[in-house]
Amino acid sequence: MNNDLKKLNLPTLTHEQKQQVQNVWKGIRVDYRWFAFFNLFNEEGREWTPLYMPSNLYYSLVDMHYTDYKKCRTIEDKNLNSLFFYDVKQPKTIARMTDGVLLDGDFRRMTQEEMRKRFSADASYIIKPSIESGGGKSIQVYKGDDKDEFESFIGEITTYRNCVVQDFASQHEQLASLHPSSLNTIRIMTFFHNGKVKAISTIIRMGAGGGKIDNASAGGIFVGVDNSGKLKNIAYNDNGDVFKQHPTTGEHYENHHVPGFDNLINLAENLHNRFLNFTKLISWDFAIDAEGDPILIEMNATHGGISFHQMCNGPLFGDLTQEIIAEVFNTRNKLLSKVL
C-alpha cells in the first residue's frame with residue numbers, strides 16, 4: 001500500500017486539513033496521504049472530509065477488532081456456501097475439489113470420467129479457488145464457444161487443491177448491458193454495530209475490454225450505488241482513473257439501477273446474522289438473475305476491500321467514524337497497557 005501511494009502525485013494537505021484530521025483521530029498516528037488520496041474522488045460534489053478510513057489502519061486494526069480470523073478461515077471456504085446458504089439462490093455447483101478430493105455438487109466422491117460427463121461444451125462455467133481467491137486470482141471462465149478451450153478448461157479442474165466449479169450465472173439485462181461478457185456483481189458491505197446489522201456501502205463491479213471477470217485487479221471498473229439502488233454517474237479503476245461512461249460499451253451508469261435493490265439489501269443484512277460470532281464486517285457479492293432475484297456469489301468475512309467503497313461513496317463509516325475509532329483504539333490501548 002505504501003508503494004502504491006508513492007506512485008501517485010498526491011497533493012499535500014494544508015495545515016487546516018491536517019488539523020481536521022487530528023481532530024478526528026485524536027493524536028493517533030496517521031498517514032496524511034490516505035486523506036489526500038480519497039479526497040481526490042469528489043466529482044459528485046462531496047466536500048473535503050477527514051472521516052476517511054486509511055486502508056492500512058483498517059486492515060491491521062479495525063477489521064481485526066471486529067473479526068475473529070481463526071474462526072473465519074472455515075466459513076470463507078466457498079465449498080461450504082451451499083451448506084451455509086442452502087435457502088439462497090446460488091450458481092449451480094457441478095464439481096468441487098476439497099483438499100485434493102474430487103466431489104460433485106452434493107459432496108459425493110466421483111471419478112474424473114464421471115465428472116467429465118457432467119459438463120457440456122455448449123454451456124458456460126467458472127472455476128474459482130474455494131480458499132483465498134481475493135482479487136480474482138486463478139479464476140478461469142469458459143463461455144461455451146470454443147471446443148478446444150473446453151477440453152483445456154475441464155483438464156484444469158483437478159490441478160486445484162481446493163476449488164468450486166459452477167455454472168456461469170445469468171444476469172439481469174440492467175446489469176448485463178453495462179458489459180455483457182462479464183458477470184457484473186454487486187458488492188455490499190454490512191456492519192453489525194449498536195445492536196443491528198446495516199449495509200454501509202454498495203458498489204457494482206464491471207468487467208471492461210471484453211474481459212470475463214469483473215475484478216478491478218483484472219482490469220475491471222466499479223461504480224457506486226445510492227440508497228435507492230440507482231448507479232452513480234462516475235466509475236473508477238484501481239489506478240483512480242475516471243470513467244464517465246463505460247470504456248467498452250459506452251453505457252452511462254446513471255441510466256441503470258439494481259433490480260429489487262431493497263430486497264437485496266434486506267437479504268444481505270439478514271444473512272449476516274448467521275455469522276455474528278465470527279465477524280461484524282462482511283463483504284457480499286451478488287448477481288441479479290433475469291427474474292430480478294439475487295444470486296449469492298460469495299461472502300468475504302475477512303479483508304473485504306474498502307478502497308473502491310470510499311472512492312465511490314465517501315467515508316466507509318460516515319458519521320460513525322469517530323465512534324469506531326474510539327472503540328477500536330481504546331480496546332487496543334487497554335490490551336497494550338496489560339502487555340507493557
# chains A, B, ... in the order shown; residues from 1 in each chain; ligands from 1
call {"tool": "residues_around", "arguments": {"residues": "range 316-323 of chain A", "least_positions_apart": "4", "cutoff": "7 Å", "atoms": "only C-alpha atoms", "output": "PyMOL selection string"}}
result
chain A and resi 24+51-53+200-201+309-310+327
call {"tool": "write_last_selection", "arguments": {"atoms": "N, CA and C atoms", "output": "short mmCIF file (atom, residue, chain, number, x, y, z; two decimals), in the first residue's frame"}}
result
data_model
loop_
_atom_site.label_atom_id
_atom_site.label_comp_id
_atom_site.auth_asym_id
_atom_site.auth_seq_id
_atom_site.Cartn_x
_atom_site.Cartn_y
_atom_site.Cartn_z
N VAL A 24 -10.22 14.46 14.38
CA VAL A 24 -10.97 13.20 14.28
C VAL A 24 -10.18 12.05 14.91
N LEU A 51 -12.93 12.18 7.48
CA LEU A 51 -13.58 10.98 8.01
C LEU A 51 -13.21 9.70 7.26
N TYR A 52 -12.37 9.79 6.24
CA TYR A 52 -11.98 8.58 5.52
C TYR A 52 -11.20 7.64 6.44
N MET A 53 -11.31 6.36 6.17
CA MET A 53 -10.60 5.33 6.91
C MET A 53 -9.33 4.95 6.14
N ILE A 200 -23.58 -0.62 4.83
CA ILE A 200 -22.97 0.72 4.94
C ILE A 200 -22.44 1.23 3.60
N SER A 201 -22.28 0.36 2.60
CA SER A 201 -21.82 0.83 1.30
C SER A 201 -22.09 -0.24 0.24
N HIS A 309 -15.07 1.25 -2.12
CA HIS A 309 -16.22 1.82 -1.43
C HIS A 309 -16.00 3.31 -1.17
N GLN A 310 -14.81 3.65 -0.67
CA GLN A 310 -14.56 5.03 -0.30
C GLN A 310 -14.37 5.93 -1.53
N GLU A 327 -13.76 3.16 19.78
CA GLU A 327 -14.00 1.78 20.20
C GLU A 327 -12.79 0.90 19.91
#
call {"tool": "closest_atom_pairs", "arguments": {"of": "range 130-215 of chain A", "to": "range 102-118 of chain A", "cutoff": "12 Å", "atoms": "only C-alpha atoms", "output": "Markdown table"}}
result
| residue | atom | partner | partner_atom | distance |
| --- | --- | --- | --- | --- |
| A:Phe150 | CA | A:Arg116 | CA | 10.8 |
| A:Glu151 | CA | A:Arg116 | CA | 9.5 |
| A:Ser152 | CA | A:Arg116 | CA | 11.8 |
| A:Phe153 | CA | A:Arg116 | CA | 10.8 |
| A:Ile154 | CA | A:Arg116 | CA | 7.2 |
| A:Gly155 | CA | A:Arg116 | CA | 9.1 |
| A:Glu156 | CA | A:Gln112 | CA | 11.4 |
| A:Ile157 | CA | A:Leu102 | CA | 9.0 |
| A:Thr158 | CA | A:Leu102 | CA | 7.3 |
| A:Thr159 | CA | A:Leu102 | CA | 10.6 |
| A:Tyr160 | CA | A:Leu102 | CA | 9.9 |
| A:Arg161 | CA | A:Leu102 | CA | 9.4 |
| A:Asn162 | CA | A:Leu102 | CA | 9.2 |
| A:Cys163 | CA | A:Leu102 | CA | 9.5 |
| A:Val164 | CA | A:Gly105 | CA | 8.8 |
| A:Val165 | CA | A:Gly105 | CA | 8.8 |
| A:Gln166 | CA | A:Gly105 | CA | 8.8 |
| A:Asp167 | CA | A:Arg118 | CA | 11.1 |
call {"tool": "residues_around", "arguments": {"residues": "Glu251 in chain A", "least_positions_apart": "6", "cutoff": "12 Å", "atoms": "only C-alpha atoms", "output": "ChimeraX atom specification"}}
result
/A:174-180,206,208,231,233-235,243-245
call {"tool": "write_last_selection", "arguments": {"atoms": "N, CA and C atoms", "output": "compact mmCIF listing (two decimals), in the first residue's frame"}}
result
# COMPACT_ATOMS: atom_id res chain seq x y z
N GLN A 174 -30.44 -5.25 -17.00
CA GLN A 174 -29.99 -3.96 -16.48
C GLN A 174 -28.49 -3.95 -16.20
N LEU A 175 -27.99 -5.08 -15.70
CA LEU A 175 -26.57 -5.19 -15.38
C LEU A 175 -25.76 -5.72 -16.55
N ALA A 176 -26.35 -6.64 -17.32
CA ALA A 176 -25.63 -7.21 -18.46
C ALA A 176 -25.28 -6.14 -19.49
N SER A 177 -26.16 -5.17 -19.69
CA SER A 177 -25.92 -4.16 -20.72
C SER A 177 -24.72 -3.27 -20.41
N LEU A 178 -24.30 -3.24 -19.14
CA LEU A 178 -23.12 -2.45 -18.80
C LEU A 178 -21.86 -3.03 -19.45
N HIS A 179 -21.76 -4.37 -19.43
CA HIS A 179 -20.61 -5.06 -20.05
C HIS A 179 -21.01 -6.53 -20.16
N PRO A 180 -21.53 -6.96 -21.32
CA PRO A 180 -22.19 -8.27 -21.46
C PRO A 180 -21.30 -9.48 -21.22
N MET A 206 -17.72 -4.12 -12.61
CA MET A 206 -17.98 -4.48 -14.00
C MET A 206 -16.69 -4.85 -14.70
N ALA A 208 -14.40 -4.96 -18.23
CA ALA A 208 -14.11 -3.96 -19.27
C ALA A 208 -13.26 -4.61 -20.35
N LEU A 231 -27.43 3.63 -9.94
CA LEU A 231 -25.99 3.75 -10.09
C LEU A 231 -25.60 5.22 -10.17
N ASN A 233 -22.90 8.37 -11.33
CA ASN A 233 -22.55 8.72 -12.70
C ASN A 233 -21.07 8.66 -13.04
N ILE A 234 -20.25 8.21 -12.09
CA ILE A 234 -18.81 8.13 -12.36
C ILE A 234 -18.27 6.80 -11.85
N ALA A 235 -17.47 6.12 -12.68
CA ALA A 235 -16.81 4.87 -12.29
C ALA A 235 -15.31 5.10 -12.24
N PHE A 243 -14.07 7.28 -15.25
CA PHE A 243 -14.81 6.86 -16.44
C PHE A 243 -16.24 7.38 -16.32
N LYS A 244 -16.57 8.40 -17.10
CA LYS A 244 -17.91 8.97 -17.04
C LYS A 244 -18.91 8.17 -17.85
N GLN A 245 -18.43 7.24 -18.63
CA GLN A 245 -19.25 6.23 -19.29
C GLN A 245 -18.39 4.99 -19.45
call {"tool": "select_by_dssp", "arguments": {"residues": "range 86-289 of chain A", "states": "strand (DSSP E or B)", "output": "ChimeraX atom specification"}}
result
/A:93-98,101-104,109,125-129,140-142,163-167,185-193,196-206,221-225,230-236,242-243,257,279,281-288
call {"tool": "closest_residue", "arguments": {"among": "A:Arg187, A:Arg33, A:Leu296, A:Met97", "to": "Asn3 in chain A", "atoms": "only C-alpha atoms"}}
result
A:Arg33
call {"tool": "closest_residue", "arguments": {"among": "A:Phe85, A:Tyr66, A:Phe41, A:Phe191", "to": "Met311 in chain A", "atoms": "only C-alpha atoms"}}
result
A:Phe41
call {"tool": "atom_distance", "arguments": {"atom1": "CA of Ser182 in chain A", "atom2": "CA of Gly229 in chain A"}}
result
20.4 Å
call {"tool": "residues_around", "arguments": {"residues": "Glu291 in chain A", "least_positions_apart": "6", "cutoff": "12 Å", "atoms": "only C-alpha atoms", "output": "ChimeraX atom specification"}}
result
/A:89,170-174,259-260
call {"tool": "write_last_selection", "arguments": {"atoms": "N, CA and C atoms", "output": "PDB file, in the first residue's frame"}}
result
ATOM      1  N   LYS A  89     -30.556 -18.482  -3.466  1.00  0.00           N
ATOM      2  CA  LYS A  89     -30.170 -18.796  -4.843  1.00  0.00           C
ATOM      3  C   LYS A  89     -28.671 -18.643  -5.019  1.00  0.00           C
ATOM      4  N   SER A 170     -26.401 -16.414 -14.954  1.00  0.00           N
ATOM      5  CA  SER A 170     -27.047 -15.454 -15.842  1.00  0.00           C
ATOM      6  C   SER A 170     -27.237 -14.139 -15.084  1.00  0.00           C
ATOM      7  N   GLN A 171     -27.543 -13.070 -15.803  1.00  0.00           N
ATOM      8  CA  GLN A 171     -27.742 -11.804 -15.108  1.00  0.00           C
ATOM      9  C   GLN A 171     -28.830 -10.972 -15.778  1.00  0.00           C
ATOM     10  N   HIS A 172     -29.402 -10.104 -14.992  1.00  0.00           N
ATOM     11  CA  HIS A 172     -30.478  -9.237 -15.453  1.00  0.00           C
ATOM     12  C   HIS A 172     -29.962  -8.286 -16.530  1.00  0.00           C
ATOM     13  N   GLU A 173     -30.831  -7.956 -17.486  1.00  0.00           N
ATOM     14  CA  GLU A 173     -30.409  -7.108 -18.598  1.00  0.00           C
ATOM     15  C   GLU A 173     -29.928  -5.737 -18.141  1.00  0.00           C
ATOM     16  N   GLN A 174     -30.442  -5.252 -17.002  1.00  0.00           N
ATOM     17  CA  GLN A 174     -29.992  -3.957 -16.478  1.00  0.00           C
ATOM     18  C   GLN A 174     -28.492  -3.955 -16.204  1.00  0.00           C
ATOM     19  N   PRO A 259     -32.048  -4.017  -9.952  1.00  0.00           N
ATOM     20  CA  PRO A 259     -33.409  -4.541  -9.771  1.00  0.00           C
ATOM     21  C   PRO A 259     -33.588  -5.146  -8.375  1.00  0.00           C
ATOM     22  N   GLY A 260     -34.730  -4.864  -7.753  1.00  0.00           N
ATOM     23  CA  GLY A 260     -35.029  -5.428  -6.435  1.00  0.00           C
ATOM     24  C   GLY A 260     -34.039  -5.008  -5.370  1.00  0.00           C
TER      25      GLY A 260
END
